[in-house]
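Undergrad: Structure: data_18.txt, compact mmCIF, C-alpha atoms and all ligand atoms.
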# COMPACT_ATOMS: atom_id res chain seq x y z
CA MET A 1 121.53 19.35 29.60
CA PRO A 2 124.36 20.34 27.34
CA GLY A 3 124.09 17.92 24.38
CA TYR A 4 122.79 20.86 22.38
CA GLU A 5 125.75 22.99 23.44
CA LEU A 6 128.15 20.65 21.69
CA ILE A 7 126.44 20.22 18.32
CA GLY A 8 129.15 20.88 15.80
CA LYS A 9 131.17 19.50 12.95
CA GLU A 10 131.03 15.89 14.18
CA GLU A 11 127.23 15.85 13.93
CA PHE A 12 127.40 17.63 10.58
CA ARG A 13 129.84 15.05 9.20
CA GLU A 14 127.59 12.16 10.23
CA VAL A 15 124.58 13.81 8.58
CA GLN A 16 126.58 14.62 5.47
CA GLU A 17 127.58 10.98 5.15
CA VAL A 18 123.91 10.04 4.81
CA PHE A 19 123.63 12.32 1.78
CA ASP A 20 127.03 11.34 0.38
CA LYS A 21 125.97 7.71 0.44
CA GLY A 22 122.70 8.09 -1.44
CA GLY A 23 120.47 10.13 0.83
CA ILE A 24 118.38 7.22 2.09
CA LEU A 25 116.52 8.55 5.11
CA PHE A 26 114.53 5.42 5.98
CA ARG A 27 115.96 2.91 8.46
CA HIS A 28 115.05 -0.15 6.40
CA GLY A 29 115.83 -1.41 2.93
CA PHE A 30 117.12 0.38 -0.21
CA ASP A 31 120.28 -1.67 0.28
CA ASP A 32 121.59 -1.15 -3.25
CA LEU A 33 121.26 2.66 -2.96
CA ARG A 34 122.85 3.38 0.43
CA ASP A 35 126.40 2.08 0.20
CA GLY A 36 126.18 0.31 3.55
CA CYS A 37 125.05 3.44 5.43
CA PHE A 38 122.55 2.47 8.15
CA LYS A 39 122.64 5.21 10.76
CA VAL A 40 119.70 4.05 12.91
CA LYS A 41 121.07 0.51 13.12
CA SER A 42 124.57 1.81 13.89
CA PHE A 43 123.21 4.14 16.58
CA GLU A 44 121.29 1.27 18.20
CA LYS A 45 124.38 -0.94 18.18
CA ALA A 46 126.63 1.77 19.63
CA PHE A 47 124.05 2.67 22.29
CA ALA A 48 123.64 -0.97 23.34
CA GLU A 49 127.42 -1.35 23.61
CA LYS A 50 127.77 1.83 25.64
CA ASN A 51 125.15 0.55 28.09
CA LYS A 52 126.43 -3.04 28.08
CA VAL A 53 123.12 -4.53 26.93
CA LYS A 54 122.30 -6.75 23.99
CA TYR A 55 119.31 -4.97 22.49
CA ALA A 56 118.50 -1.34 21.74
CA LEU A 57 115.70 0.07 19.63
CA ALA A 58 115.71 3.70 18.47
CA VAL A 59 112.34 5.51 18.44
CA THR A 60 110.96 8.98 17.80
CA SER A 61 110.91 10.33 21.38
CA GLY A 62 111.26 9.48 25.04
CA THR A 63 107.47 9.40 25.26
CA ALA A 64 107.35 6.92 22.39
CA ALA A 65 110.05 4.87 24.12
CA LEU A 66 107.79 4.49 27.17
CA ARG A 67 104.78 3.61 25.02
CA VAL A 68 106.78 1.00 23.09
CA ALA A 69 108.16 -0.46 26.33
CA LEU A 70 104.64 -0.94 27.70
CA ALA A 71 103.46 -2.52 24.45
CA ALA A 72 106.44 -4.90 24.41
CA LEU A 73 105.50 -6.07 27.90
CA ASN A 74 101.85 -6.60 26.86
CA ILE A 75 100.59 -4.02 29.32
CA GLY A 76 97.12 -2.71 28.59
CA GLU A 77 93.52 -2.46 29.68
CA GLY A 78 92.87 -3.61 33.25
CA ASP A 79 96.52 -3.35 34.28
CA GLU A 80 97.97 -0.90 36.76
CA VAL A 81 101.37 0.69 36.31
CA ILE A 82 102.98 2.38 39.28
CA THR A 83 105.19 5.40 38.88
CA GLN A 84 106.21 8.44 40.90
CA CYS A 85 104.34 11.70 41.35
CA PHE A 86 107.41 13.79 40.43
CA THR A 87 108.06 13.11 36.77
CA PHE A 88 107.21 14.74 33.46
CA VAL A 89 103.62 14.25 32.23
CA ALA A 90 105.03 11.98 29.49
CA THR A 91 105.50 9.04 31.87
CA VAL A 92 101.83 9.06 32.79
CA GLU A 93 100.66 9.88 29.26
CA ALA A 94 102.37 6.75 27.97
CA ILE A 95 100.58 4.62 30.56
CA ILE A 96 97.22 6.21 29.68
CA GLU A 97 97.91 5.67 25.95
CA SER A 98 98.49 1.99 26.65
CA LYS A 99 95.01 1.91 28.30
CA ALA A 100 96.48 0.88 31.64
CA THR A 101 95.86 2.83 34.85
CA PRO A 102 98.69 5.01 36.12
CA ILE A 103 99.16 4.94 39.88
CA CYS A 104 101.45 7.71 41.10
CA LEU A 105 103.20 7.38 44.43
CA ASN A 106 105.11 9.71 46.69
CA ILE A 107 108.79 10.52 46.41
CA ASP A 108 111.47 10.65 49.09
CA LYS A 109 114.40 13.04 49.40
CA THR A 110 116.01 11.57 46.28
CA LEU A 111 112.96 13.21 44.61
CA ASN A 112 112.34 9.79 43.08
CA LEU A 113 109.99 6.94 43.97
CA ASP A 114 109.92 6.17 47.66
CA PRO A 115 110.41 2.38 47.91
CA SER A 116 108.73 2.30 51.31
CA GLU A 117 105.48 3.28 49.55
CA LEU A 118 105.87 0.75 46.77
CA GLU A 119 105.30 -2.70 48.19
CA LYS A 120 102.05 -1.83 49.94
CA SER A 121 100.69 -0.22 46.76
CA ILE A 122 101.13 -3.30 44.58
CA THR A 123 97.80 -5.00 43.84
CA PRO A 124 96.97 -8.13 41.84
CA ARG A 125 96.41 -5.77 38.88
CA THR A 126 99.88 -4.20 39.07
CA LYS A 127 101.90 -5.28 36.05
CA ALA A 128 104.86 -2.92 36.17
CA VAL A 129 106.67 -0.11 37.92
CA ILE A 130 108.18 2.79 36.03
CA ALA A 131 110.97 4.25 38.15
CA VAL A 132 112.21 7.63 36.97
CA HIS A 133 115.72 8.98 37.51
CA MET A 134 114.49 12.56 37.62
CA LEU A 135 117.00 15.20 36.58
CA GLY A 136 119.70 12.55 36.39
CA THR A 137 119.83 11.36 39.99
CA PRO A 138 119.27 7.60 40.38
CA ALA A 139 116.13 6.37 42.06
CA ARG A 140 116.62 3.81 44.84
CA ILE A 141 116.59 1.34 42.01
CA GLU A 142 118.31 -1.55 43.79
CA LYS A 143 115.53 -1.69 46.39
CA ILE A 144 112.83 -1.13 43.76
CA ARG A 145 114.31 -3.99 41.69
CA GLU A 146 114.20 -6.24 44.75
CA ILE A 147 110.51 -5.44 45.35
CA CYS A 148 109.62 -5.99 41.68
CA ASN A 149 111.41 -9.36 41.72
CA LYS A 150 109.61 -10.38 44.89
CA LYS A 151 106.22 -9.37 43.49
CA LYS A 152 107.05 -10.72 40.02
CA ILE A 153 106.23 -7.52 38.20
CA TYR A 154 108.17 -5.74 35.48
CA LEU A 155 110.50 -2.86 36.15
CA ILE A 156 110.84 -0.15 33.51
CA GLU A 157 113.34 2.66 34.05
CA ASP A 158 112.46 6.04 32.63
CA THR A 159 116.02 7.14 32.02
CA ALA A 160 115.08 10.28 30.09
CA TRP A 161 117.46 12.32 32.27
CA GLY A 162 119.81 9.54 33.32
CA CYS A 163 121.68 8.68 30.13
CA GLY A 164 125.34 8.14 31.03
CA GLY A 165 124.71 7.75 34.77
CA ASN A 166 125.08 4.62 36.81
CA LEU A 167 124.47 3.15 40.24
CA LYS A 168 127.18 0.87 41.60
CA ASN A 169 128.66 0.79 38.10
CA VAL A 170 125.46 -0.60 36.61
CA PRO A 171 124.29 1.84 33.91
CA LEU A 172 120.95 3.52 34.61
CA GLY A 173 118.39 1.95 32.33
CA THR A 174 119.83 -1.54 32.77
CA TRP A 175 118.58 -2.33 36.27
CA GLY A 176 115.11 -2.87 34.89
CA ASP A 177 113.65 -5.27 32.37
CA VAL A 178 113.45 -2.33 30.00
CA GLY A 179 115.08 1.10 30.02
CA THR A 180 113.80 4.12 28.10
CA PHE A 181 115.70 7.26 27.07
CA SER A 182 114.88 10.66 25.60
CA PHE A 183 117.04 12.62 23.19
CA ASP A 184 114.88 15.73 23.06
CA PHE A 185 116.65 19.05 22.93
CA ALA A 186 116.92 19.42 26.71
CA LYS A 187 118.58 16.08 27.37
CA THR A 188 122.17 15.01 28.02
CA ILE A 189 122.57 13.92 24.41
CA THR A 190 120.12 15.08 21.78
CA THR A 191 118.88 14.19 18.33
CA GLY A 192 116.43 17.11 18.31
CA GLU A 193 113.62 14.67 19.04
CA GLY A 194 114.24 10.99 19.63
CA GLY A 195 114.43 8.17 22.10
CA MET A 196 115.78 4.69 22.75
CA VAL A 197 114.49 1.55 24.43
CA ILE A 198 116.93 -1.03 25.76
CA PHE A 199 116.10 -4.62 26.62
CA LYS A 200 117.67 -7.62 28.28
CA ASP A 201 115.21 -10.05 26.80
CA LYS A 202 115.21 -10.90 23.10
CA ILE A 203 111.50 -11.72 22.96
CA ASN A 204 110.53 -8.32 24.40
CA TYR A 205 112.95 -6.63 22.04
CA LYS A 206 111.51 -8.43 19.00
CA LYS A 207 107.99 -7.52 20.08
CA ALA A 208 109.01 -3.88 20.42
CA CYS A 209 110.73 -3.88 17.00
CA ALA A 210 107.55 -5.06 15.35
CA TRP A 211 105.17 -2.92 17.42
CA HIS A 212 107.03 0.35 16.72
CA ASP A 213 106.89 -0.46 13.00
CA HIS A 214 103.17 -1.26 12.38
CA GLY A 215 103.77 -4.89 13.32
CA HIS A 216 106.44 -5.44 10.63
CA GLU A 217 108.63 -8.40 11.54
CA ASN A 218 111.19 -7.45 8.90
CA ASN A 219 111.37 -11.04 7.84
CA PRO A 220 114.59 -11.40 5.83
CA LEU A 221 113.02 -14.11 3.66
CA VAL A 222 110.46 -11.80 2.04
CA PRO A 223 110.45 -8.24 0.70
CA ARG A 224 109.02 -5.62 3.09
CA TRP A 225 105.74 -5.31 1.21
CA GLU A 226 105.16 -9.04 1.75
CA ASP A 227 106.41 -8.90 5.33
CA THR A 228 105.02 -11.24 7.98
CA ARG A 229 103.15 -9.91 11.05
CA SER A 230 101.78 -11.33 14.28
CA SER A 231 100.43 -8.22 15.97
CA SER A 232 99.32 -4.74 15.11
CA GLY A 233 101.39 -1.76 16.16
CA PHE A 234 102.08 1.86 15.38
CA ASN A 235 104.79 4.00 13.83
CA TYR A 236 107.50 5.25 16.17
CA ARG A 237 110.46 4.70 13.80
CA MET A 238 113.50 6.93 14.10
CA MET A 239 114.85 8.32 10.82
CA GLU A 240 118.42 8.27 9.57
CA LEU A 241 119.22 11.95 10.11
CA GLN A 242 118.29 11.83 13.79
CA ALA A 243 120.44 8.75 14.30
CA ALA A 244 123.37 10.38 12.47
CA VAL A 245 123.28 13.22 15.01
CA GLY A 246 122.84 10.66 17.79
CA LEU A 247 125.98 8.76 16.77
CA ALA A 248 128.09 11.89 17.06
CA GLN A 249 126.44 12.90 20.34
CA LEU A 250 126.92 9.45 21.87
CA LYS A 251 130.69 9.78 21.38
CA LYS A 252 130.49 12.94 23.52
CA LEU A 253 128.34 11.45 26.29
CA SER A 254 131.10 10.58 28.77
CA TYR A 255 132.72 13.98 28.29
CA ILE A 256 129.36 15.72 28.81
CA VAL A 257 128.57 13.83 32.02
CA ASP A 258 132.07 14.36 33.44
CA LYS A 259 131.90 18.07 32.65
CA GLN A 260 128.42 18.43 34.13
CA ARG A 261 129.54 16.74 37.33
CA GLU A 262 132.54 19.03 37.52
CA GLN A 263 130.40 22.15 37.02
CA ARG A 264 127.76 20.98 39.48
CA ASP A 265 130.40 20.23 42.13
CA ARG A 266 131.96 23.67 41.65
CA ILE A 267 128.69 25.40 42.40
CA TRP A 268 127.87 23.15 45.35
CA GLU A 269 131.34 23.61 46.89
CA ASN A 270 130.75 27.35 46.75
CA ILE A 271 127.48 27.24 48.72
CA LYS A 272 127.51 24.13 50.86
CA ASP A 273 128.64 25.97 53.99
CA ILE A 274 125.49 28.14 53.95
CA HIS A 275 123.19 27.28 56.81
CA GLY A 276 119.65 26.27 55.80
CA ILE A 277 120.28 24.34 52.59
CA GLU A 278 120.29 20.58 52.14
CA LYS A 279 121.43 18.76 49.04
CA ARG A 280 119.05 16.36 47.33
CA HIS A 281 119.75 12.81 48.55
CA SER A 282 121.16 10.09 46.34
CA PRO A 283 121.56 6.34 46.91
CA ASN A 284 124.99 4.93 47.85
CA GLY A 285 127.04 4.22 44.77
CA THR A 286 125.48 7.04 42.76
CA PHE A 287 127.18 8.29 39.63
CA ASP A 288 124.59 10.83 38.52
CA THR A 289 124.51 12.82 35.31
CA ALA A 290 124.43 16.13 37.21
CA ASP A 291 121.87 17.56 34.85
CA ALA A 292 121.02 20.03 37.58
CA LEU A 293 122.12 20.93 41.08
CA VAL A 294 119.09 20.35 43.29
CA PHE A 295 118.83 21.32 46.93
CA PHE A 296 116.18 22.01 49.52
CA VAL A 297 115.65 25.30 51.32
CA LYS A 298 113.47 25.84 54.36
CA ASN A 299 110.20 26.76 52.66
CA GLU A 300 108.45 27.74 49.43
CA GLU A 301 108.85 31.45 50.07
CA ILE A 302 112.63 31.13 50.26
CA ALA A 303 112.69 28.94 47.14
CA LYS A 304 110.73 31.53 45.15
CA GLY A 305 112.67 34.46 46.57
CA PHE A 306 115.94 32.75 45.68
CA ARG A 307 114.73 32.16 42.14
CA ASN A 308 113.83 35.82 41.73
CA ASN A 309 117.17 36.96 43.08
CA LEU A 310 118.96 34.54 40.77
CA LEU A 311 116.99 35.78 37.77
CA GLU A 312 118.04 39.33 38.55
CA MET A 313 121.64 38.14 38.19
CA GLY A 314 120.87 36.46 34.87
CA VAL A 315 120.77 32.89 36.17
CA SER A 316 117.63 30.78 35.76
CA THR A 317 116.36 27.76 37.64
CA LYS A 318 115.02 24.66 35.94
CA ILE A 319 111.65 23.02 36.78
CA LEU A 320 111.97 23.67 40.51
CA PRO A 321 110.42 25.70 41.85
CA GLU A 322 108.86 27.48 38.87
CA ALA A 323 107.58 24.61 36.70
CA TYR A 324 106.85 21.97 39.24
CA THR A 325 103.19 21.71 38.21
CA TRP A 326 104.21 20.21 34.83
CA HIS A 327 106.17 17.63 36.78
CA PHE A 328 103.94 16.85 39.73
CA ALA A 329 100.98 14.49 39.45
CA GLY A 330 99.29 16.14 42.42
CA THR A 331 98.31 19.01 40.10
CA TRP A 332 97.25 17.03 37.01
CA ASN A 333 93.53 17.50 37.21
CA HIS A 334 93.42 17.56 33.40
CA MET A 335 94.22 13.82 33.31
CA ASP A 336 90.97 12.17 34.15
CA LYS A 337 92.48 8.69 33.82
CA LEU A 338 95.16 9.37 36.39
CA ASN A 339 95.12 6.95 39.32
CA GLY A 340 92.18 4.58 39.39
CA ASN A 341 91.82 5.68 42.97
CA TYR A 342 92.87 9.26 42.35
CA LYS A 343 89.52 10.91 42.78
CA ASN A 344 88.93 9.05 45.99
CA ILE A 345 92.29 9.51 47.58
CA SER A 346 92.62 12.13 50.22
CA LYS A 347 93.90 15.57 49.29
CA ASN A 348 96.74 14.87 51.64
CA PHE A 349 97.94 11.89 49.63
CA PHE A 350 100.81 13.78 47.98
CA LYS A 351 101.35 16.21 50.84
CA LYS A 352 104.79 14.85 51.69
CA SER A 353 105.96 15.15 48.06
CA GLU A 354 104.43 18.56 47.49
CA GLU A 355 106.03 19.91 50.62
CA LEU A 356 109.44 18.73 49.35
CA LEU A 357 108.98 19.98 45.79
CA LYS A 358 107.81 23.43 46.81
CA ARG A 359 110.98 24.04 48.77
CA SER A 360 113.32 22.55 46.17
CA VAL A 361 115.51 24.56 43.88
CA SER A 362 117.09 23.20 40.73
CA ILE A 363 119.92 24.97 38.99
CA PRO A 364 120.57 23.81 35.44
CA ILE A 365 124.11 22.78 34.66
CA ASN A 366 125.72 23.74 31.40
CA ILE A 367 129.12 22.93 29.99
CA ASN A 368 129.71 26.46 28.87
CA ASN A 369 128.79 27.80 32.28
CA ASP A 370 129.33 31.43 32.95
CA ASP A 371 132.53 31.42 35.09
CA ASN A 372 130.80 33.58 37.68
CA LYS A 373 127.76 31.34 38.05
CA ALA A 374 128.93 29.75 41.29
CA ASP A 375 129.40 33.22 42.81
CA LYS A 376 126.06 34.45 41.51
CA VAL A 377 124.32 31.46 43.09
CA ARG A 378 126.07 32.14 46.39
CA ILE A 379 125.27 35.84 46.40
CA SER A 380 121.59 35.26 45.49
CA LEU A 381 121.25 32.67 48.20
CA LEU A 382 122.84 34.86 50.88
CA LYS A 383 120.66 37.77 49.80
CA THR A 384 117.52 35.61 50.04
CA LEU A 385 118.48 34.36 53.47
CA ASN A 386 119.36 37.87 54.64
CA ILE A 387 122.93 36.88 55.38
CA GLU A 388 125.59 39.50 54.90
CA PHE A 389 128.01 38.96 52.03
C1 LIG A 401 110.99 11.88 32.94
C2 LIG A 401 110.67 12.06 31.48
N1 LIG A 401 110.17 11.02 30.80
C3 LIG A 401 109.88 11.13 29.49
C4 LIG A 401 110.08 12.30 28.81
C5 LIG A 401 109.66 12.41 27.38
O1 LIG A 401 110.71 12.59 26.50
P1 LIG A 401 110.45 13.26 25.09
O2 LIG A 401 110.42 14.73 25.27
O3 LIG A 401 111.64 12.82 24.28
O4 LIG A 401 109.19 12.70 24.54
C6 LIG A 401 110.61 13.42 29.47
C7 LIG A 401 110.84 14.69 28.78
O5 LIG A 401 111.25 15.68 29.34
C8 LIG A 401 110.90 13.28 30.86
O6 LIG A 401 111.37 14.31 31.57
Go through the file and emit its structure as structure tokens.
TA:
Amino acid sequence: MPGYELIGKEEFREVQEVFDKGGILFRHGFDDLRDGCFKVKSFEKAFAEKNKVKYALAVTSGTAALRVALAALNIGEGDEVITQCFTFVATVEAIIESKATPICLNIDKTLNLDPSELEKSITPRTKAVIAVHMLGTPARIEKIREICNKKKIYLIEDTAWGCGGNLKNVPLGTWGDVGTFSFDFAKTITTGEGGMVIFKDKINYKKACAWHDHGHENNPLVPRWEDTRSSSGFNYRMMELQAAVGLAQLKKLSYIVDKQREQRDRIWENIKDIHGIEKRHSPNGTFDTADALVFFVKNEEIAKGFRNNLLEMGVSTKILPEAYTWHFAGTWNHMDKLNGNYKNISKNFFKKSEELLKRSVSIPININNDDNKADKVRISLLKTLNIEF
């Protein structure tokens, strides 16, 4: 999560350029006042190139990116969208906002969607799957893609945490029909708030462009106030200042991911010999973003004890185990639209996932890590497990 750690003069220069060139903060128009400065368009182009796709659309958040993706694919009332029970509430909120029914399934030891649960859960109403690369580790996306192809349903990748990662050299976000990204302040690169949607298909992209802009088709033959429209929409437009920051951050993405991986590996190397811990699984060919180091301990009590011991040494955990309820559908009783079958499914439905999450620990990775962090993690772990150190 270190995008925010690296905000500096490069971001400032990009923002300053917006003001130097006329201070136009809107992504469209004002051509004679902006001296060729189009930060949102430039950010979209650079992001598409980085991810080797043709089309990218910048939006106001990762949540908006999901909502726009669903709209572009015409998903709405009567449709079911499958996702995983370990994700942030945003994934499910976007499905509910689109009036479709979210169906959450169990996870496996990747802590992402378990493909063995997927095929049997697809019904004639299922229109799409949203696979999430939680905390930057790829889902078993190759298998999920195969199932979606077989069943002829869309695949959306919620790549909020996976920006800059890949599986078998295919960038995360590009396995699916649509990939969504978040640039909120906790993500690998940040624009404060912001998001991106990437597409393979031009028709879906065009639909999304219009939908995120009140239905505006930005027809070059007419001024904007006489613009043509074919559908309604909403406003999820990114503004120029966010994109200016995004352009500078994008140039740092590879460095950030490499550094995170290095820091994560350092901590893991320092603890991996300890009996009773198991690293989170990842599919073959994983190049993760190493947003966090996640591993399993024997039970919930150890996970919580470890967290407390870590905190005493000034090191925090992230999401697991302390905030898992914000990220686990099994606890979202406040969402009455969750799972068409939710109220009827047995209490044990998510047992397998809950059991895994409660004994998971996630250590956030920073670029400017405290040099002693790896030792602090080791000492806290040994202390929790009552092993002499
Ligand atoms: C998996 C996932 N999807 C979507 C989002 C939403 O992103 P944003 O905060 O930019 O709306 C988040 C945010 O943390 C997330 O973790």
Undergrad: Which residue is closest to ligand LIG 401 (chain A)? Choose from A:Thr101, A:Thr191, A:Ser282, A:Thr289 and count all atoms listed in the file.
TA: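 Counting all atoms listed in the file, the residue closest to ligand LIG 401 (chain A) is A:Thr191.
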Undergrad: Have a look at CA of Glu10 in chain A and CA of Lys45 in chain A and let me know their distance in Å, one decimal.
TA: 18.5 Å
Undergrad: Using only C-alpha atoms, which of A:His275, A:Lys304, A:Arg237, A:Lys151 sits nearest Lys41 in chain A?
TA: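 Once distances to Lys41 in chain A are computed over only C-alpha atoms, the minimum belongs to A:Arg237.
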Undergrad: With 9 Å as the threshold, what does the neighbourhood of (101.0, 0.0, 17.8) contain in terms of residues, counting all atoms listed in the file? Coordinates are those of the file; answer as a list in words.
TA: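 Output of the proximity query reads Arg67, Val68, Ala71, Ala210, Trp211, His212, Asp213, His214, Gly215, Ser231, Ser232, Gly233, Phe234, Asn235 and Tyr236 of chain A.
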Undergrad: Pick the closest to Arg224 in chain A from A:Gly29, A:Met239, A:Thr60, A:Gly22: which is it, counting only C-alpha atoms?
TA: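 Of the candidates, the smallest distance to Arg224 in chain A is held by A:Gly29.
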Undergrad: Could you work out an axis-aligned bounding box for all listed atoms of range 289-299 of chain A, with 3 Å added on each of the six sides, and give its centre and edge lengths in Å to one decimal, as AutoDock Vina command-line options?
TA:
--center_x 117.4 --center_y 19.8 --center_z 44.6 --size_x 20.3 --size_y 19.9 --size_z 25.5
Undergrad: Within 10 Å of ligand LIG 401 (chain A), counting only C-alpha atoms and all ligand atoms: which residues, as a PyMOL selection string?
TA: chain A and resi 59-66+84+86-94+130-136+157-162+180-187+190-196+326-327
Undergrad: Please report the interatomic distance between CA of Thr228 in chain A and CA of Leu73 in chain A in Å with one decimal.
TA: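 Those two atoms sit 20.6 Å apart.
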Undergrad: Do you have the CA of Val178 in chain A-CA of Leu253 in chain A distance handy?
TA: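 So the answer is 20.6 Å.
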Undergrad: Residues proximal to (98.0, -3.3, 34.7) were defined as those with any atom within 9 Å of that point in the file's coordinates, counting all atoms listed in the file. Which are they, as a ChimeraX atom specification?
TA: /A:75-82,99-102,124-128
Undergrad: Hey, which of A:Glu14, A:Lys50, A:Thr137, A:Ile96 ends up closest to Pro283 in chain A? Count all atoms listed in the file.
TA: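 Checking each of A:Glu14, A:Lys50, A:Thr137, A:Ile96 against Pro283 in chain A, counting all atoms listed in the file, the winner is A:Thr137.
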Undergrad: Go through A:Gly179, A:Gly314, A:Pro138, A:Gly246 one by one, measure the shortest atom-to-atom distance of each to Asn204 in chain A using only C-alpha atoms, and give the residue with the smallest value.
TA: A:Gly179
Undergrad: What's around range 118-122 of chain A at 12 Å? Count only C-alpha atoms, leave out sequence neighbours fewer than 6 positions away in its own chain, and write the answer as a count of residues only.
TA: 33
Undergrad: Point out the residue among A:Val197, A:Glu301, A:Ser116, A:Leu382 with the least atom-to-atom distance to Met238 in chain A, counting only C-alpha atoms.
TA: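 Residue with the minimum atom-to-atom distance to Met238 in chain A: A:Val197.
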Undergrad: Just want the 7 Å neighbourhood of Thr110 in chain A, counted on all atoms listed in the file, with same-chain residues fewer than 4 positions away dropped. Output as a PyMOL selection string.
TA: chain A and resi 139+280-282
Undergrad: Write out as number ranges by chain the residues lying within 7 Å of range 352-368 of chain A, counting all atoms listed in the file and excluding same-chain residues fewer than 3 positions away.
TA: A: 1-2, 106-107, 259-260, 263-264, 291-300, 303, 317-321
Undergrad: For range 323-338 of chain A in the structure I just supplied, write out N, CA and C atoms - as a compact mmCIF listing (two decimals), in the first residue's frame.
TA:
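Wrote part.txt, looks like this:
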# COMPACT_ATOMS: atom_id res chain seq x y z
N ALA A 323 -10.16 -6.70 11.18
CA ALA A 323 -11.26 -6.04 10.46
C ALA A 323 -11.91 -6.98 9.48
N TYR A 324 -11.92 -8.25 9.80
CA TYR A 324 -12.41 -9.17 8.78
C TYR A 324 -13.91 -9.02 8.55
N THR A 325 -14.64 -8.47 9.54
CA THR A 325 -16.09 -8.35 9.34
C THR A 325 -16.46 -7.36 8.23
N TRP A 326 -15.60 -6.36 8.00
CA TRP A 326 -15.85 -5.42 6.89
C TRP A 326 -15.58 -6.09 5.54
N HIS A 327 -14.93 -7.23 5.61
CA HIS A 327 -14.47 -7.87 4.37
C HIS A 327 -14.99 -9.30 4.23
N PHE A 328 -16.02 -9.62 4.98
CA PHE A 328 -16.52 -11.00 4.95
C PHE A 328 -18.05 -11.00 4.88
N ALA A 329 -18.57 -11.47 3.77
CA ALA A 329 -20.01 -11.40 3.52
C ALA A 329 -20.83 -12.16 4.56
N GLY A 330 -20.19 -13.15 5.20
CA GLY A 330 -20.90 -13.93 6.21
C GLY A 330 -21.38 -13.10 7.39
N THR A 331 -20.88 -11.86 7.51
CA THR A 331 -21.30 -11.01 8.64
C THR A 331 -22.16 -9.82 8.18
N TRP A 332 -22.50 -9.74 6.88
CA TRP A 332 -23.15 -8.53 6.39
C TRP A 332 -24.68 -8.59 6.50
N ASN A 333 -25.14 -8.69 7.71
CA ASN A 333 -26.58 -8.74 7.93
C ASN A 333 -27.25 -7.41 7.57
N HIS A 334 -26.46 -6.35 7.47
CA HIS A 334 -27.05 -5.04 7.15
C HIS A 334 -27.42 -4.94 5.67
N MET A 335 -26.99 -5.89 4.86
CA MET A 335 -27.29 -5.84 3.42
C MET A 335 -28.43 -6.78 3.11
N ASP A 336 -29.64 -6.23 3.12
CA ASP A 336 -30.76 -7.16 2.99
C ASP A 336 -30.90 -7.72 1.57
N LYS A 337 -30.17 -7.13 0.62
CA LYS A 337 -30.27 -7.65 -0.75
C LYS A 337 -29.22 -8.71 -1.04
N LEU A 338 -28.37 -8.97 -0.06
CA LEU A 338 -27.26 -9.88 -0.30
C LEU A 338 -27.75 -11.32 -0.49
